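Asker: The structure that follows is given in the form of structure tokens.
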Amino acid sequence: MKHQELICDFGILRELRKRENMSIAELSEQSGVSASVISKLERNQNTAEMDTLYRIARVFGLTLSDLISLAENKTSHRVRAERYKSGDFDFDRVNYGNMRCMHASAKKGAKLSSPELHRDDYELCWVLKGRLRFSLPNESYELTRGMSIQFDALLPHTYETLEETEIIIVHLRKGKRF
């Protein structure tokens, strides 16, 4: 098996610094990494040890893996939606590694209980049109156009349309807990 070299573009550090209105000297002071190492990293003229990247990442409120992921994935990811039906709802869905986005529509009286198996995600439901009753085991809400709700997707939940409805559902993967 051929070894593939990991290509990272740490020019992202410059973008992160500028977003925070921070100079190289300020990043150096806050991270304990020398300004010359940061400058060389930003210009991809140097490799860094994990500890160096870890200390820089913490300044921006990132984990080491988040920083490396940003450096690896400077390009966009394009996918095509897949159509499917679940209960009385018609869906278009796009899937990415850390999230799934669904656009759904249903006529009045449609009901979807215990939707397809969920990962350990957060779920957000945003009503674009119509009226929807959303229920969890011990709570129930009526949501109308412009309203949204977020919850732990592992909880049993039900969507019931009170009139013709159009919604966006986003499943966002939870970060590692430990």
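Starting from 1 in every chain, residues are counted up; chains themselves are A, B, ... following the order of the structure tokens, and ligands are numbered from 1 as listed.
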Hey, what's within 6 Å of Glu160 of chain A if we count only C-alpha atoms and toss same-chain stuff fewer than 2 positions away? As a list in words, please?
Answerer: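 The residues satisfying every condition are Ala110, Lys111, Leu132 and Arg133 of chain A.
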Asker: Output N, CA, C and O atoms of each residue in that selection to a file, as an mmCIF file, in the first residue's frame.
Answerer:
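Final output, selection_32.cif:
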```cif
data_model
loop_
_atom_site.group_PDB
_atom_site.id
_atom_site.type_symbol
_atom_site.label_atom_id
_atom_site.label_comp_id
_atom_site.auth_asym_id
_atom_site.auth_seq_id
_atom_site.Cartn_x
_atom_site.Cartn_y
_atom_site.Cartn_z
ATOM 1 N N ALA A 110 -50.929 15.029 7.890
ATOM 2 C CA ALA A 110 -49.801 14.098 7.778
ATOM 3 C C ALA A 110 -49.143 13.932 9.145
ATOM 4 O O ALA A 110 -49.082 14.863 9.944
ATOM 5 N N LYS A 111 -48.660 12.725 9.401
ATOM 6 C CA LYS A 111 -48.045 12.444 10.695
ATOM 7 C C LYS A 111 -46.816 11.581 10.471
ATOM 8 O O LYS A 111 -46.824 10.678 9.632
ATOM 9 N N LEU A 132 -47.594 23.186 12.336
ATOM 10 C CA LEU A 132 -47.114 21.852 12.677
ATOM 11 C C LEU A 132 -47.203 21.652 14.186
ATOM 12 O O LEU A 132 -46.873 22.559 14.951
ATOM 13 N N ARG A 133 -47.649 20.470 14.605
ATOM 14 C CA ARG A 133 -47.578 20.117 16.025
ATOM 15 C C ARG A 133 -46.360 19.208 16.173
ATOM 16 O O ARG A 133 -46.227 18.198 15.475
#
```
Asker: Select from segment 12-111 of chain A everything DSSP, run on the backbone, classes as helix (DSSP H, G or I), then give the selection as a ChimeraX atom specification.
Answerer: /A:12-19,24-31,35-42,50-59,64-72
Asker: For N, CA and C atoms, I'd like the residues from the last selection saved as a CSV table (one decimal), in the first residue's frame.
Answerer:
```
chain,number,residue,atom,x,y,z
A,12,ILE,N,-4.8,29.0,6.7
A,12,ILE,CA,-6.1,29.2,7.5
A,12,ILE,C,-5.8,30.0,8.8
A,13,LEU,N,-4.6,29.8,9.3
A,13,LEU,CA,-4.2,30.6,10.5
A,13,LEU,C,-4.3,32.1,10.3
A,14,ARG,N,-3.9,32.5,9.2
A,14,ARG,CA,-4.0,34.0,8.9
A,14,ARG,C,-5.4,34.4,8.8
A,15,GLU,N,-6.3,33.6,8.2
A,15,GLU,CA,-7.7,33.9,8.1
A,15,GLU,C,-8.3,33.9,9.5
A,16,LEU,N,-8.0,33.0,10.4
A,16,LEU,CA,-8.5,32.9,11.7
A,16,LEU,C,-8.0,34.2,12.5
A,17,ARG,N,-6.8,34.5,12.4
A,17,ARG,CA,-6.2,35.7,13.1
A,17,ARG,C,-7.0,37.0,12.6
A,18,LYS,N,-7.1,37.1,11.3
A,18,LYS,CA,-7.7,38.4,10.8
A,18,LYS,C,-9.2,38.4,11.3
A,19,ARG,N,-9.9,37.3,11.3
A,19,ARG,CA,-11.3,37.3,11.8
A,19,ARG,C,-11.4,37.8,13.2
A,24,ILE,N,0.1,38.7,14.5
A,24,ILE,CA,1.0,37.5,14.8
A,24,ILE,C,1.5,37.6,16.2
A,25,ALA,N,2.0,38.8,16.6
A,25,ALA,CA,2.5,39.0,17.9
A,25,ALA,C,1.5,38.7,19.0
A,26,GLU,N,0.3,39.0,18.8
A,26,GLU,CA,-0.8,38.7,19.8
A,26,GLU,C,-1.0,37.2,19.9
A,27,LEU,N,-1.1,36.6,18.7
A,27,LEU,CA,-1.3,35.1,18.7
A,27,LEU,C,-0.1,34.4,19.4
A,28,SER,N,1.1,34.9,19.1
A,28,SER,CA,2.3,34.4,19.7
A,28,SER,C,2.2,34.5,21.3
A,29,GLU,N,1.8,35.7,21.7
A,29,GLU,CA,1.7,35.9,23.2
A,29,GLU,C,0.7,35.0,23.8
A,30,GLN,N,-0.5,34.9,23.2
A,30,GLN,CA,-1.6,34.1,23.8
A,30,GLN,C,-1.3,32.6,23.7
A,31,SER,N,-0.6,32.1,22.7
A,31,SER,CA,-0.4,30.7,22.5
A,31,SER,C,1.0,30.2,23.0
A,35,ALA,N,6.5,34.0,17.2
A,35,ALA,CA,6.0,34.7,16.0
A,35,ALA,C,6.6,34.2,14.7
A,36,SER,N,7.9,33.8,14.7
A,36,SER,CA,8.5,33.3,13.5
A,36,SER,C,7.9,32.0,13.1
A,37,VAL,N,7.6,31.1,14.0
A,37,VAL,CA,7.0,29.8,13.7
A,37,VAL,C,5.6,30.0,13.2
A,38,ILE,N,4.8,30.9,13.8
A,38,ILE,CA,3.4,31.2,13.3
A,38,ILE,C,3.5,31.8,11.9
A,39,SER,N,4.4,32.7,11.6
A,39,SER,CA,4.5,33.3,10.3
A,39,SER,C,4.9,32.3,9.3
A,40,LYS,N,5.8,31.4,9.6
A,40,LYS,CA,6.2,30.3,8.6
A,40,LYS,C,5.1,29.3,8.4
A,41,LEU,N,4.3,29.0,9.5
A,41,LEU,CA,3.1,28.1,9.3
A,41,LEU,C,2.1,28.8,8.4
A,42,GLU,N,1.8,30.0,8.6
A,42,GLU,CA,0.8,30.7,7.8
A,42,GLU,C,1.2,30.7,6.3
A,50,MET,N,2.5,18.6,16.9
A,50,MET,CA,1.1,18.6,17.4
A,50,MET,C,0.9,19.6,18.6
A,51,ASP,N,1.8,19.7,19.5
A,51,ASP,CA,1.7,20.6,20.6
A,51,ASP,C,1.6,22.0,20.2
A,52,THR,N,2.4,22.4,19.2
A,52,THR,CA,2.3,23.8,18.6
A,52,THR,C,0.9,24.1,18.1
A,53,LEU,N,0.4,23.1,17.3
A,53,LEU,CA,-0.9,23.3,16.7
A,53,LEU,C,-2.0,23.4,17.7
A,54,TYR,N,-1.8,22.5,18.8
A,54,TYR,CA,-2.8,22.4,19.9
A,54,TYR,C,-2.8,23.8,20.6
A,55,ARG,N,-1.7,24.4,20.9
A,55,ARG,CA,-1.7,25.7,21.6
A,55,ARG,C,-2.3,26.8,20.7
A,56,ILE,N,-2.0,26.8,19.4
A,56,ILE,CA,-2.6,27.8,18.6
A,56,ILE,C,-4.1,27.6,18.5
A,57,ALA,N,-4.6,26.3,18.3
A,57,ALA,CA,-6.0,26.0,18.2
A,57,ALA,C,-6.8,26.5,19.4
A,58,ARG,N,-6.2,26.3,20.6
A,58,ARG,CA,-6.9,26.7,21.8
A,58,ARG,C,-7.2,28.2,21.9
A,59,VAL,N,-6.3,29.0,21.3
A,59,VAL,CA,-6.5,30.5,21.3
A,59,VAL,C,-7.8,30.8,20.5
A,64,LEU,N,-7.6,20.6,18.4
A,64,LEU,CA,-6.6,20.3,17.5
A,64,LEU,C,-7.1,19.7,16.2
A,65,SER,N,-8.1,18.7,16.4
A,65,SER,CA,-8.6,18.1,15.2
A,65,SER,C,-9.4,19.1,14.3
A,66,ASP,N,-10.1,20.1,15.0
A,66,ASP,CA,-10.8,21.1,14.2
A,66,ASP,C,-9.9,21.9,13.4
A,67,LEU,N,-8.7,22.3,14.0
A,67,LEU,CA,-7.8,23.1,13.2
A,67,LEU,C,-7.2,22.3,12.1
A,68,ILE,N,-6.8,21.1,12.3
A,68,ILE,CA,-6.3,20.3,11.2
A,68,ILE,C,-7.3,20.0,10.1
A,69,SER,N,-8.6,19.8,10.5
A,69,SER,CA,-9.6,19.7,9.5
A,69,SER,C,-9.8,20.9,8.7
A,70,LEU,N,-9.7,22.1,9.3
A,70,LEU,CA,-9.8,23.3,8.5
A,70,LEU,C,-8.7,23.4,7.5
A,71,ALA,N,-7.5,23.0,8.0
A,71,ALA,CA,-6.3,23.1,7.1
A,71,ALA,C,-6.4,22.1,6.0
A,72,GLU,N,-7.0,21.0,6.2
A,72,GLU,CA,-7.2,19.9,5.2
A,72,GLU,C,-8.3,20.2,4.2
```
Asker: Write out as a list of chain:residue names all residues of segment 3-126 of chain A that DSSP puts in strand (DSSP E) for this structure's backbone.
Answerer: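 Secondary structure check on segment 3-126 of chain A, strand (DSSP E): A:Glu82, A:Arg83, A:Tyr84, A:Lys85, A:Ser86, A:Phe89, A:Asp90, A:Phe91, A:Asp92, A:Arg93, A:Val94, A:Asn95, A:Met99, A:Arg100, A:Cys101, A:Met102, A:His103, A:Ala104, A:Ser105, A:Ala106, A:Lys111, A:Leu112, A:Ser113, A:Asp121, A:Tyr122, A:Glu123, A:Leu124, A:Cys125, A:Trp126.
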Asker: Please compute the atom CA of Lys129 of chain A-atom CA of Arg145 of chain A distance, one decimal, in Å.
Answerer: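 About the pair atom CA of Lys129 of chain A and atom CA of Arg145 of chain A: they are 4.9 Å apart.
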Asker: Which is closest to Tyr96 of chain A among A:Val33, A:Ile169, A:Glu139, A:Val79, if we use only C-alpha atoms?
Answerer: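 Ranked by minimum distance to Tyr96 of chain A, first place goes to A:Val79.
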